[in-house]
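A.B. asks: Have a peek at input_0.pdb (PDB, C-alpha atoms).
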```pdb
MODEL        1
ATOM      1  CA  MET Q   1      -9.913  16.537  -4.379
ATOM      2  CA  GLU Q   2      -9.512  15.160  -7.919
ATOM      3  CA  ILE Q   3      -6.806  12.729  -9.011
ATOM      4  CA  ARG Q   4      -5.892  11.727 -12.569
ATOM      5  CA  VAL Q   5      -4.182   8.497 -13.549
ATOM      6  CA  GLY Q   6      -3.962   7.773 -17.257
ATOM      7  CA  ASP Q   7      -7.413   8.384 -18.733
ATOM      8  CA  LEU Q   8      -9.081   7.883 -15.335
ATOM      9  CA  LYS Q   9     -10.187  10.707 -13.084
ATOM     10  CA  TYR Q  10     -11.095  10.152  -9.438
ATOM     11  CA  SER Q  11     -12.586  12.168  -6.630
ATOM     12  CA  TRP Q  12     -10.921  11.405  -3.288
ATOM     13  CA  LEU Q  13     -13.553  10.981  -0.544
ATOM     14  CA  GLU Q  14     -12.255  11.015   3.047
ATOM     15  CA  ASN Q  15     -14.313   9.590   5.927
ATOM     16  CA  TRP Q  16     -16.632   7.969   3.434
ATOM     17  CA  ALA Q  17     -17.822   5.126   5.688
ATOM     18  CA  LYS Q  18     -20.492   6.247   8.164
ATOM     19  CA  ILE Q  19     -19.534   3.929  10.997
ATOM     20  CA  PRO Q  20     -18.552   4.532  14.634
ATOM     21  CA  ASP Q  21     -14.931   5.457  15.338
ATOM     22  CA  MET Q  22     -12.737   2.381  15.743
ATOM     23  CA  THR Q  23     -10.014   1.943  18.339
ATOM     24  CA  GLY Q  24      -8.713  -1.474  17.279
ATOM     25  CA  TRP Q  25      -5.857  -2.260  14.931
ATOM     26  CA  ALA Q  26      -7.459  -2.710  11.504
ATOM     27  CA  HIS Q  27      -6.038  -5.648   9.563
ATOM     28  CA  HIS Q  28      -8.983  -6.836   7.504
ATOM     29  CA  GLY Q  29     -10.029  -7.366   3.930
ATOM     30  CA  LEU Q  30     -12.642  -5.659   1.752
ATOM     31  CA  VAL Q  31     -14.741  -7.079  -1.106
ATOM     32  CA  ILE Q  32     -17.803  -6.170  -3.186
ATOM     33  CA  ASN Q  33     -20.910  -8.370  -3.330
ATOM     34  CA  LYS Q  34     -23.082  -8.801  -6.431
ATOM     35  CA  ALA Q  35     -25.438  -6.072  -5.182
ATOM     36  CA  GLY Q  36     -22.509  -3.642  -5.290
ATOM     37  CA  GLN Q  37     -22.307  -3.354  -1.509
ATOM     38  CA  ILE Q  38     -19.005  -3.164   0.338
ATOM     39  CA  VAL Q  39     -18.256  -6.104   2.630
ATOM     40  CA  THR Q  40     -15.464  -5.590   5.137
ATOM     41  CA  GLY Q  41     -14.266  -6.340   8.651
ATOM     42  CA  HIS Q  42     -14.508  -4.598  12.004
ATOM     43  CA  ALA Q  43     -11.304  -3.298  13.592
ATOM     44  CA  ASN Q  44     -12.407  -4.118  17.145
ATOM     45  CA  GLU Q  45     -14.700  -7.114  16.997
ATOM     46  CA  PRO Q  46     -15.132 -10.365  15.030
ATOM     47  CA  LYS Q  47     -17.784  -8.881  12.779
ATOM     48  CA  ILE Q  48     -18.538  -8.343   9.126
ATOM     49  CA  LEU Q  49     -19.848  -4.931   8.093
ATOM     50  CA  ILE Q  50     -21.922  -4.386   4.946
ATOM     51  CA  LEU Q  51     -21.917  -0.824   3.617
ATOM     52  CA  SER Q  52     -23.727   0.923   0.788
ATOM     53  CA  LYS Q  53     -21.815   2.704  -1.980
ATOM     54  CA  THR Q  54     -22.465   5.950  -0.123
ATOM     55  CA  GLY Q  55     -21.076   4.562   3.133
ATOM     56  CA  GLU Q  56     -24.209   3.791   5.147
ATOM     57  CA  LEU Q  57     -23.990   0.753   7.405
ATOM     58  CA  ILE Q  58     -26.636  -1.605   6.025
ATOM     59  CA  ARG Q  59     -26.079  -4.352   8.570
ATOM     60  CA  GLU Q  60     -23.432  -6.262  10.478
ATOM     61  CA  PHE Q  61     -23.098  -9.811  11.752
ATOM     62  CA  GLU Q  62     -20.719 -11.750  13.953
ATOM     63  CA  VAL Q  63     -18.392 -14.389  12.542
ATOM     64  CA  PRO Q  64     -16.586 -17.100  14.551
ATOM     65  CA  VAL Q  65     -13.053 -15.935  13.733
ATOM     66  CA  THR Q  66     -10.363 -13.861  15.417
ATOM     67  CA  GLU Q  67      -9.396 -11.668  12.445
ATOM     68  CA  THR Q  68     -11.197 -11.072   9.133
ATOM     69  CA  HIS Q  69      -7.871 -10.709   7.339
ATOM     70  CA  GLY Q  70      -8.661 -11.969   3.858
ATOM     71  CA  LEU Q  71     -12.191 -11.909   2.406
ATOM     72  CA  CYS Q  72     -13.541 -13.488  -0.752
ATOM     73  CA  ILE Q  73     -17.107 -13.961  -2.030
ATOM     74  CA  SER Q  74     -18.231 -16.818  -4.237
ATOM     75  CA  GLU Q  75     -21.622 -18.021  -5.401
ATOM     76  CA  GLU Q  76     -23.046 -21.472  -4.767
ATOM     77  CA  ASN Q  77     -26.403 -22.423  -6.287
ATOM     78  CA  GLY Q  78     -27.256 -18.781  -6.758
ATOM     79  CA  THR Q  79     -26.387 -17.798  -3.182
ATOM     80  CA  GLU Q  80     -23.336 -15.819  -2.121
ATOM     81  CA  VAL Q  81     -21.019 -17.203   0.545
ATOM     82  CA  LEU Q  82     -18.096 -15.532   2.292
ATOM     83  CA  TRP Q  83     -14.613 -16.998   2.725
ATOM     84  CA  ILE Q  84     -12.497 -15.617   5.575
ATOM     85  CA  ALA Q  85      -8.758 -16.176   5.968
ATOM     86  CA  ASP Q  86      -8.311 -15.892   9.740
ATOM     87  CA  VAL Q  87      -4.696 -15.344  10.817
ATOM     88  CA  GLY Q  88      -5.693 -16.443  14.324
ATOM     89  CA  SER Q  89      -4.761 -13.322  16.258
ATOM     90  CA  LYS Q  90      -5.168  -9.584  16.430
ATOM     91  CA  TYR Q  91      -1.959  -7.702  15.740
ATOM     92  CA  GLU Q  92       0.589  -7.781  18.578
ATOM     93  CA  THR Q  93      -1.616  -9.967  20.773
ATOM     94  CA  GLU Q  94      -1.376 -13.620  21.653
ATOM     95  CA  SER Q  95      -2.942 -16.086  19.269
ATOM     96  CA  LEU Q  96      -6.540 -16.746  20.237
ATOM     97  CA  ALA Q  97      -7.187 -19.654  17.873
ATOM     98  CA  PRO Q  98      -5.296 -21.661  15.278
ATOM     99  CA  PRO Q  99      -5.152 -19.866  11.913
ATOM    100  CA  ASN Q 100      -7.732 -21.213   9.480
ATOM    101  CA  VAL Q 101      -9.984 -20.517   6.529
ATOM    102  CA  THR Q 102     -13.659 -20.311   7.451
ATOM    103  CA  LYS Q 103     -16.538 -20.281   4.968
ATOM    104  CA  VAL Q 104     -19.770 -18.734   6.237
ATOM    105  CA  ASP Q 105     -23.138 -17.676   4.904
ATOM    106  CA  PHE Q 106     -24.215 -14.065   5.193
ATOM    107  CA  ARG Q 107     -25.713 -14.698   8.604
ATOM    108  CA  GLY Q 108     -22.400 -15.920   9.988
ATOM    109  CA  ASN Q 109     -23.209 -19.647  10.022
ATOM    110  CA  VAL Q 110     -20.156 -21.832   9.385
ATOM    111  CA  LEU Q 111     -20.323 -23.867   6.186
ATOM    112  CA  ALA Q 112     -16.747 -25.199   6.139
ATOM    113  CA  LYS Q 113     -13.417 -24.772   7.881
ATOM    114  CA  ILE Q 114      -9.906 -25.509   6.573
ATOM    115  CA  THR Q 115      -7.018 -25.962   8.997
ATOM    116  CA  ALA Q 116      -3.380 -27.030   8.842
ATOM    117  CA  GLU Q 117      -4.487 -30.584   9.545
ATOM    118  CA  ASN Q 118      -6.761 -30.597   6.477
ATOM    119  CA  LEU Q 119      -3.767 -29.559   4.350
ATOM    120  CA  ASN Q 120      -1.478 -32.249   5.827
ATOM    121  CA  TYR Q 121       0.974 -29.875   7.480
ATOM    122  CA  GLY Q 122       3.708 -31.434   9.565
ATOM    123  CA  SER Q 123       4.117 -30.646  13.249
ATOM    124  CA  GLN Q 124       7.015 -28.266  12.517
ATOM    125  CA  GLU Q 125       5.221 -26.410   9.702
ATOM    126  CA  THR Q 126       3.335 -23.158  10.218
ATOM    127  CA  PHE Q 127      -0.013 -22.466   8.543
ATOM    128  CA  CYS Q 128      -1.208 -18.854   8.600
ATOM    129  CA  PRO Q 129      -3.463 -18.066   5.626
ATOM    130  CA  THR Q 130      -3.820 -14.511   4.396
ATOM    131  CA  THR Q 131      -6.546 -14.761   1.751
ATOM    132  CA  VAL Q 132      -8.644 -16.974  -0.506
ATOM    133  CA  ALA Q 133      -9.634 -16.758  -4.176
ATOM    134  CA  ILE Q 134     -12.219 -18.848  -5.994
ATOM    135  CA  ASP Q 135     -11.807 -19.676  -9.683
ATOM    136  CA  PRO Q 136     -15.213 -18.697 -11.145
ATOM    137  CA  ASN Q 137     -14.974 -21.348 -13.878
ATOM    138  CA  ASN Q 138     -14.358 -24.480 -11.814
ATOM    139  CA  SER Q 139     -14.842 -23.313  -8.189
ATOM    140  CA  ASN Q 140     -11.305 -24.328  -7.247
ATOM    141  CA  VAL Q 141     -10.171 -22.729  -3.995
ATOM    142  CA  TRP Q 142      -6.789 -20.982  -3.835
ATOM    143  CA  ILE Q 143      -5.414 -20.343  -0.330
ATOM    144  CA  THR Q 144      -2.341 -18.181   0.248
ATOM    145  CA  ASP Q 145      -0.311 -19.236   3.276
ATOM    146  CA  GLY Q 146       1.310 -15.813   3.297
ATOM    147  CA  TYR Q 147       2.254 -15.560   6.960
ATOM    148  CA  GLY Q 148       3.174 -19.225   7.330
ATOM    149  CA  SER Q 149       4.930 -21.422   4.786
ATOM    150  CA  SER Q 150       4.834 -18.928   1.868
ATOM    151  CA  ARG Q 151       3.024 -21.456  -0.287
ATOM    152  CA  ILE Q 152      -0.301 -21.515  -2.110
ATOM    153  CA  HIS Q 153      -2.685 -24.464  -1.917
ATOM    154  CA  ILE Q 154      -5.199 -25.244  -4.670
ATOM    155  CA  LEU Q 155      -8.256 -27.259  -3.614
ATOM    156  CA  ASP Q 156     -11.213 -28.501  -5.614
ATOM    157  CA  SER Q 157     -14.789 -27.469  -4.859
ATOM    158  CA  SER Q 158     -15.063 -30.359  -2.379
ATOM    159  CA  LEU Q 159     -11.990 -28.974  -0.572
ATOM    160  CA  ASN Q 160      -9.685 -31.809  -1.575
ATOM    161  CA  LYS Q 161      -6.144 -30.579  -2.201
ATOM    162  CA  ILE Q 162      -5.107 -30.663  -5.857
ATOM    163  CA  LYS Q 163      -1.744 -28.983  -5.783
ATOM    164  CA  THR Q 164       0.641 -26.820  -3.777
ATOM    165  CA  ILE Q 165       2.836 -24.205  -5.453
ATOM    166  CA  SER Q 166       5.755 -22.319  -3.951
ATOM    167  CA  GLY Q 167       6.966 -20.211  -6.848
ATOM    168  CA  SER Q 168       9.975 -22.502  -7.106
ATOM    169  CA  HIS Q 169      10.175 -22.186 -10.892
ATOM    170  CA  GLN Q 170      10.852 -19.173 -13.112
ATOM    171  CA  VAL Q 171      11.353 -16.025 -10.995
ATOM    172  CA  GLY Q 172      11.734 -17.868  -7.689
ATOM    173  CA  LEU Q 173      10.160 -18.831  -4.380
ATOM    174  CA  PHE Q 174       7.327 -16.810  -2.887
ATOM    175  CA  ASN Q 175       8.148 -14.651   0.109
ATOM    176  CA  CYS Q 176       4.872 -13.706   1.810
ATOM    177  CA  PRO Q 177       2.346 -14.403  -0.950
ATOM    178  CA  HIS Q 178      -0.103 -12.045   0.741
ATOM    179  CA  TRP Q 179      -2.949 -12.153  -1.790
ATOM    180  CA  VAL Q 180      -4.262 -14.108  -4.749
ATOM    181  CA  TYR Q 181      -6.918 -12.873  -7.154
ATOM    182  CA  ALA Q 182      -8.837 -14.565  -9.964
ATOM    183  CA  ASP Q 183      -8.567 -12.169 -12.908
ATOM    184  CA  THR Q 184     -10.936 -12.694 -15.846
ATOM    185  CA  ARG Q 185     -10.278  -9.537 -17.904
ATOM    186  CA  LYS Q 186      -8.937 -11.575 -20.835
ATOM    187  CA  GLY Q 187     -11.890 -13.986 -20.912
ATOM    188  CA  ILE Q 188      -9.897 -16.712 -19.139
ATOM    189  CA  THR Q 189      -8.918 -17.099 -15.502
ATOM    190  CA  GLU Q 190      -5.445 -15.923 -14.543
ATOM    191  CA  MET Q 191      -4.405 -16.008 -10.895
ATOM    192  CA  TYR Q 192      -2.456 -12.950  -9.741
ATOM    193  CA  VAL Q 193      -0.271 -13.544  -6.678
ATOM    194  CA  ALA Q 194       1.036 -10.642  -4.583
ATOM    195  CA  ASP Q 195       4.547 -11.898  -3.812
ATOM    196  CA  ARG Q 196       4.850  -9.082  -1.317
ATOM    197  CA  THR Q 197       8.273  -9.283   0.286
ATOM    198  CA  ASN Q 198       9.807  -9.946  -3.142
ATOM    199  CA  ASN Q 199       8.168  -6.738  -4.474
ATOM    200  CA  ARG Q 200       6.673  -8.531  -7.459
ATOM    201  CA  ILE Q 201       3.539 -10.127  -8.859
ATOM    202  CA  GLN Q 202       3.544 -13.708 -10.124
ATOM    203  CA  ILE Q 203       0.796 -14.801 -12.497
ATOM    204  CA  PHE Q 204      -0.412 -18.390 -12.998
ATOM    205  CA  ASN Q 205      -3.005 -20.152 -15.117
ATOM    206  CA  ALA Q 206      -5.959 -21.959 -13.594
ATOM    207  CA  LYS Q 207      -3.884 -25.142 -13.245
ATOM    208  CA  GLY Q 208      -1.251 -23.391 -11.145
ATOM    209  CA  GLU Q 209       1.299 -23.224 -13.964
ATOM    210  CA  PHE Q 210       3.539 -20.155 -14.078
ATOM    211  CA  LEU Q 211       2.778 -17.685 -16.876
ATOM    212  CA  ARG Q 212       4.743 -14.518 -16.206
ATOM    213  CA  ALA Q 213       5.767 -12.010 -13.548
ATOM    214  CA  ILE Q 214       5.779  -8.270 -13.015
ATOM    215  CA  THR Q 215       9.128  -7.560 -11.419
ATOM    216  CA  GLU Q 216       9.790  -3.853 -11.879
ATOM    217  CA  ASN Q 217       8.470  -0.659 -10.291
ATOM    218  CA  LEU Q 218       6.451  -2.395  -7.559
ATOM    219  CA  THR Q 219       6.929  -2.290  -3.811
ATOM    220  CA  THR Q 220       5.062  -4.556  -1.372
ATOM    221  CA  PRO Q 221       2.083  -5.489  -3.597
ATOM    222  CA  SER Q 222      -0.537  -6.721  -1.150
ATOM    223  CA  VAL Q 223      -4.047  -6.831  -2.651
ATOM    224  CA  PHE Q 224      -5.804  -6.829  -6.041
ATOM    225  CA  SER Q 225      -9.076  -5.907  -7.650
ATOM    226  CA  SER Q 226     -10.166  -5.161 -11.208
ATOM    227  CA  PHE Q 227     -12.777  -3.348 -13.269
ATOM    228  CA  GLY Q 228     -13.156  -3.109 -17.019
ATOM    229  CA  GLU Q 229      -9.690  -3.445 -18.534
ATOM    230  CA  TYR Q 230      -7.877  -2.229 -15.419
ATOM    231  CA  MET Q 231      -6.206  -4.002 -12.513
ATOM    232  CA  VAL Q 232      -5.763  -2.150  -9.210
ATOM    233  CA  VAL Q 233      -2.860  -3.202  -6.979
ATOM    234  CA  GLY Q 234      -2.761  -2.043  -3.372
ATOM    235  CA  GLU Q 235       0.767  -1.675  -2.017
ATOM    236  CA  LEU Q 236       1.215  -1.683   1.742
ATOM    237  CA  ASN Q 237       4.066   0.841   1.281
ATOM    238  CA  ALA Q 238       1.922   3.036   0.539
ATOM    239  CA  ARG Q 239      -0.070   3.617  -2.673
ATOM    240  CA  LEU Q 240      -2.309   2.109  -5.332
ATOM    241  CA  VAL Q 241      -0.901   1.082  -8.711
ATOM    242  CA  ILE Q 242      -3.109   0.867 -11.822
ATOM    243  CA  LEU Q 243      -2.238  -1.708 -14.507
ATOM    244  CA  ASP Q 244      -3.677  -1.984 -17.995
ATOM    245  CA  LYS Q 245      -4.792  -5.232 -19.618
ATOM    246  CA  ASN Q 246      -1.193  -6.001 -20.623
ATOM    247  CA  ASP Q 247       0.184  -5.508 -17.071
ATOM    248  CA  ALA Q 248       1.749  -2.157 -17.912
ATOM    249  CA  ILE Q 249       1.687   0.415 -15.118
ATOM    250  CA  ILE Q 250      -0.321   3.434 -16.193
ATOM    251  CA  GLY Q 251       0.074   5.351 -12.929
ATOM    252  CA  THR Q 252      -0.292   5.434  -9.161
ATOM    253  CA  ILE Q 253      -2.789   6.928  -6.716
ATOM    254  CA  GLY Q 254      -2.225   8.356  -3.250
ATOM    255  CA  ASP Q 255       1.523   7.785  -3.018
ATOM    256  CA  GLY Q 256       2.339   8.271   0.661
ATOM    257  CA  THR Q 257       5.744   6.590   0.719
ATOM    258  CA  GLU Q 258       7.193   9.534   2.678
ATOM    259  CA  LEU Q 259       4.999   8.428   5.592
ATOM    260  CA  LEU Q 260       7.002   5.198   5.911
ATOM    261  CA  SER Q 261       9.731   7.137   7.724
ATOM    262  CA  LYS Q 262       7.329   8.217  10.480
ATOM    263  CA  GLU Q 263       8.366   6.663  13.780
ATOM    264  CA  GLY Q 264       6.047   3.798  14.635
ATOM    265  CA  TRP Q 265       4.689   3.371  11.077
ATOM    266  CA  PRO Q 266       2.059   2.237  10.173
ATOM    267  CA  ASN Q 267       1.024   3.975  13.372
ATOM    268  CA  ARG Q 268       2.837   6.753  15.193
ATOM    269  CA  LYS Q 269       4.842   6.755  18.399
ATOM    270  CA  GLN Q 270       4.141   8.776  21.507
ATOM    271  CA  GLY Q 271       6.728   7.967  24.135
ATOM    272  CA  ASP Q 272       6.728   4.189  24.400
ATOM    273  CA  GLN Q 273       3.180   3.904  23.047
ATOM    274  CA  LYS Q 274       1.920   3.333  19.539
ATOM    275  CA  ILE Q 275      -0.962   5.653  18.698
ATOM    276  CA  SER Q 276      -3.325   6.042  15.779
ATOM    277  CA  PRO Q 277      -1.920   7.954  12.783
ATOM    278  CA  LEU Q 278      -5.337   9.178  11.606
ATOM    279  CA  ASN Q 279      -4.594  12.814  12.439
ATOM    280  CA  ASP Q 280      -1.235  12.623  10.688
ATOM    281  CA  ILE Q 281      -2.153  11.423   7.186
ATOM    282  CA  PRO Q 282      -2.668  14.141   4.551
ATOM    283  CA  THR Q 283      -5.764  14.048   2.358
ATOM    284  CA  GLY Q 284      -4.845  12.426  -0.944
ATOM    285  CA  LYS Q 285      -2.200  10.173   0.606
ATOM    286  CA  PHE Q 286      -2.306   6.548   1.677
ATOM    287  CA  ASN Q 287      -0.465   5.367   4.770
ATOM    288  CA  SER Q 288      -0.798   1.567   4.567
ATOM    289  CA  PRO Q 289      -3.434   0.150   2.157
ATOM    290  CA  HIS Q 290      -4.487  -3.363   3.132
ATOM    291  CA  GLY Q 291      -8.089  -4.080   2.127
ATOM    292  CA  MET Q 292      -9.139  -2.857  -1.311
ATOM    293  CA  ALA Q 293     -11.806  -3.538  -3.903
ATOM    294  CA  ALA Q 294     -13.156  -1.900  -7.047
ATOM    295  CA  ASP Q 295     -16.812  -2.074  -8.029
ATOM    296  CA  SER Q 296     -18.138  -2.563 -11.549
ATOM    297  CA  ASP Q 297     -18.432   1.208 -12.015
ATOM    298  CA  GLY Q 298     -14.707   1.668 -11.372
ATOM    299  CA  ASN Q 299     -15.026   3.151  -7.878
ATOM    300  CA  ILE Q 300     -12.248   1.985  -5.536
ATOM    301  CA  TYR Q 301     -12.660   1.398  -1.797
ATOM    302  CA  VAL Q 302      -9.645   1.139   0.521
ATOM    303  CA  SER Q 303      -9.119   0.260   4.171
ATOM    304  CA  GLU Q 304      -5.720   0.573   5.833
ATOM    305  CA  TRP Q 305      -3.555  -1.356   8.275
ATOM    306  CA  LEU Q 306      -3.371   0.900  11.321
ATOM    307  CA  ILE Q 307      -4.918   1.688  14.677
ATOM    308  CA  GLY Q 308      -8.360   3.172  14.285
ATOM    309  CA  ASP Q 309      -9.156   2.117  10.697
ATOM    310  CA  ARG Q 310      -9.338   4.446   7.741
ATOM    311  CA  PHE Q 311     -11.802   3.974   4.900
ATOM    312  CA  THR Q 312     -11.338   5.939   1.676
ATOM    313  CA  LYS Q 313     -13.452   5.942  -1.469
ATOM    314  CA  LEU Q 314     -12.060   6.907  -4.859
ATOM    315  CA  GLU Q 315     -15.103   7.801  -6.919
ATOM    316  CA  LEU Q 316     -14.642   7.526 -10.678
ATOM    317  CA  VAL Q 317     -15.608  10.757 -12.401
ATOM    318  CA  ASN Q 318     -17.086  10.311 -15.876
TER     319      ASN Q 318
ENDMDL
END
```
Output the file's structure in the form of structure tokens.
C.D. replies:
Amino acid sequence: MEIRVGDLKYSWLENWAKIPDMTGWAHHGLVINKAGQIVTGHANEPKILILSKTGELIREFEVPVTETHGLCISEENGTEVLWIADVGSKYETESLAPPNVTKVDFRGNVLAKITAENLNYGSQETFCPTTVAIDPNNSNVWITDGYGSSRIHILDSSLNKIKTISGSHQVGLFNCPHWVYADTRKGITEMYVADRTNNRIQIFNAKGEFLRAITENLTTPSVFSSFGEYMVVGELNARLVILDKNDAIIGTIGDGTELLSKEGWPNRKQGDQKISPLNDIPTGKFNSPHGMAADSDGNIYVSEWLIGDRFTKLELVN
């Protein structure tokens, strides 16, 4: 199945990832390492999966977290490390551990951990981080407290807090800042924030100063990636949006917004039970994009928030 958006043409590849069927509720991130491999989470277990561009499982390793919700890769002294925003629970289960950010090597060894205590939260404040972004120029760490206080914390490379921003200026306070992404398409670092419940994107400079916002024609922006001059925005409800270098929308991919009216969305309902929607999502439609990344060739990989997991590859056709 081929899809056109602006000057881009994609081939939609269903069931691209050659991994065992999952029965858990997928709620994890997805990133690309410098080798071009896809790094993502496991719907059932606290594991990281590393896949080839053609979907083969290269290897997997355990990580000491409850949920691999937000993933980010950075490089330290020539070696890649993985940052995991752990929301502390699997969906609709009791919390198994306090939410935290855990940095690991690619064997799963813990290199650092950031908790509410490290960020000086009060006893009545909730910390539940949703993702991490690393500024490639100064190694500052941006943490979105999307499910907690709806704030973003900026730390230096030694993990000392520099600043906290809440979106209190310009367009207004964040409401579930679900994702932050370090965008370098213009030759400088700009931090894109998915202000999800407000249906907008807020953009900041590397110091955390507000630059501008995208406030129209978006719904539930949740995750970002980029390639070349393009930015890809994953919307939980339920499509991808492609932006050009000037933040103009050039089109959408896989619009499945009609699926939002399905009883039990993002899953389906059978009696009193929630069941996987995998047999009820048409090819070429997204149900609930959550993890998403684009590689340097412009291919886009998507995982979705639902029971059973669903991996889709959009292969750029030259």
A.B. asks: Apply the PyMOL selection byres ((chain Q and resi 110-116) around 8) to the structure shown and report the selected residues as a PyMOL selection string.
C.D. replies: chain Q and resi 64+98-105+108-109+117-121+126-127
A.B. asks: From the options Q:Ile84, Q:Leu260, Q:Ile275, Q:Val180, which residue's atoms come nearest to Val233 (chain Q), counting all atoms listed in the file?
C.D. replies: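 Of all the options, Q:Val180 lies closest to Val233 (chain Q).
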A.B. asks: Could you list the residues chosen by the PyMOL selection byres ((chain Q and resi 42) around 9) in this structure as an MDAnalysis selection string?
C.D. replies: chainID Q and resid 22 24 26:28 40:41 43:49 67:68 309
A.B. asks: Kindly resolve the PyMOL selection byres ((chain Q and resi 130) around 7) on the present coordinates and return the residues as an mmCIF file with C-alpha atoms, keeping the file's coordinate frame.
C.D. replies:
```cif
data_model
loop_
_atom_site.group_PDB
_atom_site.id
_atom_site.type_symbol
_atom_site.label_atom_id
_atom_site.label_comp_id
_atom_site.auth_asym_id
_atom_site.auth_seq_id
_atom_site.Cartn_x
_atom_site.Cartn_y
_atom_site.Cartn_z
ATOM 1 C CA HIS Q 69 -7.871 -10.709 7.339
ATOM 2 C CA GLY Q 70 -8.661 -11.969 3.858
ATOM 3 C CA ALA Q 85 -8.758 -16.176 5.968
ATOM 4 C CA VAL Q 87 -4.696 -15.344 10.817
ATOM 5 C CA CYS Q 128 -1.208 -18.854 8.600
ATOM 6 C CA PRO Q 129 -3.463 -18.066 5.626
ATOM 7 C CA THR Q 131 -6.546 -14.761 1.751
ATOM 8 C CA THR Q 144 -2.341 -18.181 0.248
ATOM 9 C CA ASP Q 145 -0.311 -19.236 3.276
ATOM 10 C CA GLY Q 146 1.310 -15.813 3.297
ATOM 11 C CA TYR Q 147 2.254 -15.560 6.960
ATOM 12 C CA HIS Q 178 -0.103 -12.045 0.741
ATOM 13 C CA TRP Q 179 -2.949 -12.153 -1.790
#
```
A.B. asks: Which one of Q:Ile188, Q:Ala293, Q:Val5, Q:Ile165 sits closest to Val223 (chain Q) if you count all atoms listed in the file?
C.D. replies: Q:Ala293
A.B. asks: Show me, as a list in words, the residues that have an atom within 9 Å of Leu259 (chain Q) when counting all atoms listed in the file, minus same-chain residues fewer than 5 positions from it.
C.D. replies: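 Skipping anything fewer than 5 positions along the chain leaves Asn237, Ala238, Trp265, Pro266, Ile281, Lys285, Phe286 and Asn287 of chain Q.
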A.B. asks: Counting all atoms listed in the file, find the residues whose atoms lie at most 9 Å from (-7.8, -11.3, -6.9) (file coordinates) and write them out as a list in words.
C.D. replies: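 Final list of nearby residues, as requested, is Cys72, Val132, Ala133, Ile134, Trp179, Val180, Tyr181, Ala182, Asp183, Met191, Tyr192, Val193, Val223, Phe224, Ser225 and Ser226 of chain Q.
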A.B. asks: By how many Å are CA of Ile201 (chain Q) and CA of Trp142 (chain Q) apart?
C.D. replies: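 Atom-to-atom, CA of Ile201 (chain Q) to CA of Trp142 (chain Q), that is 15.8 Å.
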A.B. asks: First collect every listed atom of region 28-39 of chain Q; then fit an axis-aligned box around them, widen it by 4 Å on each side, and give centre and edge lengths in Å to one decimal, as AutoDock Vina command-line options.
C.D. replies:
```
--center_x -17.2 --center_y -6.0 --center_z 0.5 --size_x 24.5 --size_y 13.6 --size_z 21.9
```
